[in-house]
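Worksheet: one structure, shown below.
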Amino acid sequence: MSVFYFLSLVSKPLFFMIIGYMDEVDKVTKQEARLKIKSLLIMLVFWNLIFLFLNLDMIKKGYLLQNGILFSVVIIYLLYPLVLKGMSHIKWTILTFVAIIAVSLLVDVVNIVTHEHSNIFLPDYYSLWIWPAYYIFGRLLGTERGGKVTKEQRVALWAKVILVPAAVSMYFYEQYLSTHAPKETTPWFLLEHAHLVLLSLCLFIWFDNLVIRNNLVRHIVAFISPAMVGVYIVHYSVFYFITTLYDFNYATLKFTLLILVFLSSVIISRLLLMNKFTSKFITF
């Protein structure tokens, strides 16, 4: 279970990379970005109002953990004109992120010299810039030049070769961090995201070059894919609900609970997507 837990950390950066990639491929306009903001705000208001009036701790506990990532997507689309400018001046965008990292390193140096711990910048506020960074990275992969790189045969081969070692390295790194709390956050933060970027990129390239020939598998993927945002929204609540009915500790294989949660979340999301009104609360 710890392997599943630590490796699942790649899901969030991969989520933002894929959103960026899809927006680049679809050539999302500023007007379409504003519509996405509206959809995201409707989703956030709807679910939080429900959990405000429903006194179900097991469900509340689940969804409130999801607000952060959806707000991060809202922020990206609010800054969408800036993102488009950043895409047209990519060197300046890279320099901006390098400058942010440099400032965070400076804060760490000051903390070491003064023997004081500052709450500035990292790790609490990194999501203000790290998730937009993954989003822009995904958009770069969606460009014509990015597509040529990811489709290159040698690149695809290296992605497959590096994938397992990168996953193993990330697992042991995250396991170490879970039992050690370093005072200097920036070096550990940078090393963590070095793992996450590498693993996300390997997975992206692998699936970008994957050709599904089996019709049954293609139908399953086509059924599941539209529901994935909904799965993200409801899966925690489904997990807490199922654990009240399902004795997790006595399961022959504990990951059967994870499979059950996933399948249940997909079914719930697909049912909500069947109606134009309810679909507004489950995707954007």
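All residue names refer to the structure tokens as shown: chains lettered A, B, ... in order, residues numbered from 1 in each chain, ligands numbered from 1 in order.
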
Exercise. Got a sec: who's within 9 Å of His195 (chain A), counting only C-alpha atoms, leaving out chain neighbours fewer than 6 positions off, as a ChimeraX atom specification?
Worked result: /A:10,166-167,169-170,173

Problem set entry | Shell around region 205-220 of chain A at 9 Å using only C-alpha atoms, local window under 6 positions removed, as a ChimeraX atom specification | /A:150-151,155-157,159-160,163

Exercise. In Å, how far is it from CA of Phe255 (chain A) to CA of Met228 (chain A)?
Worked result: 19.3 Å

Problem set entry | Straight-line distance linking CA of Val45 (chain A) with CA of Thr244 (chain A), stated in Å to one decimal |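 So the two atoms, CA of Val45 (chain A) and CA of Thr244 (chain A), lie 26.8 Å apart.
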
Exercise. Contacts of region 75-83 of chain A at 7 Å or less, counting only C-alpha atoms, minus same-chain residues fewer than 2 places along, as a count of residues only?
Worked result: 11
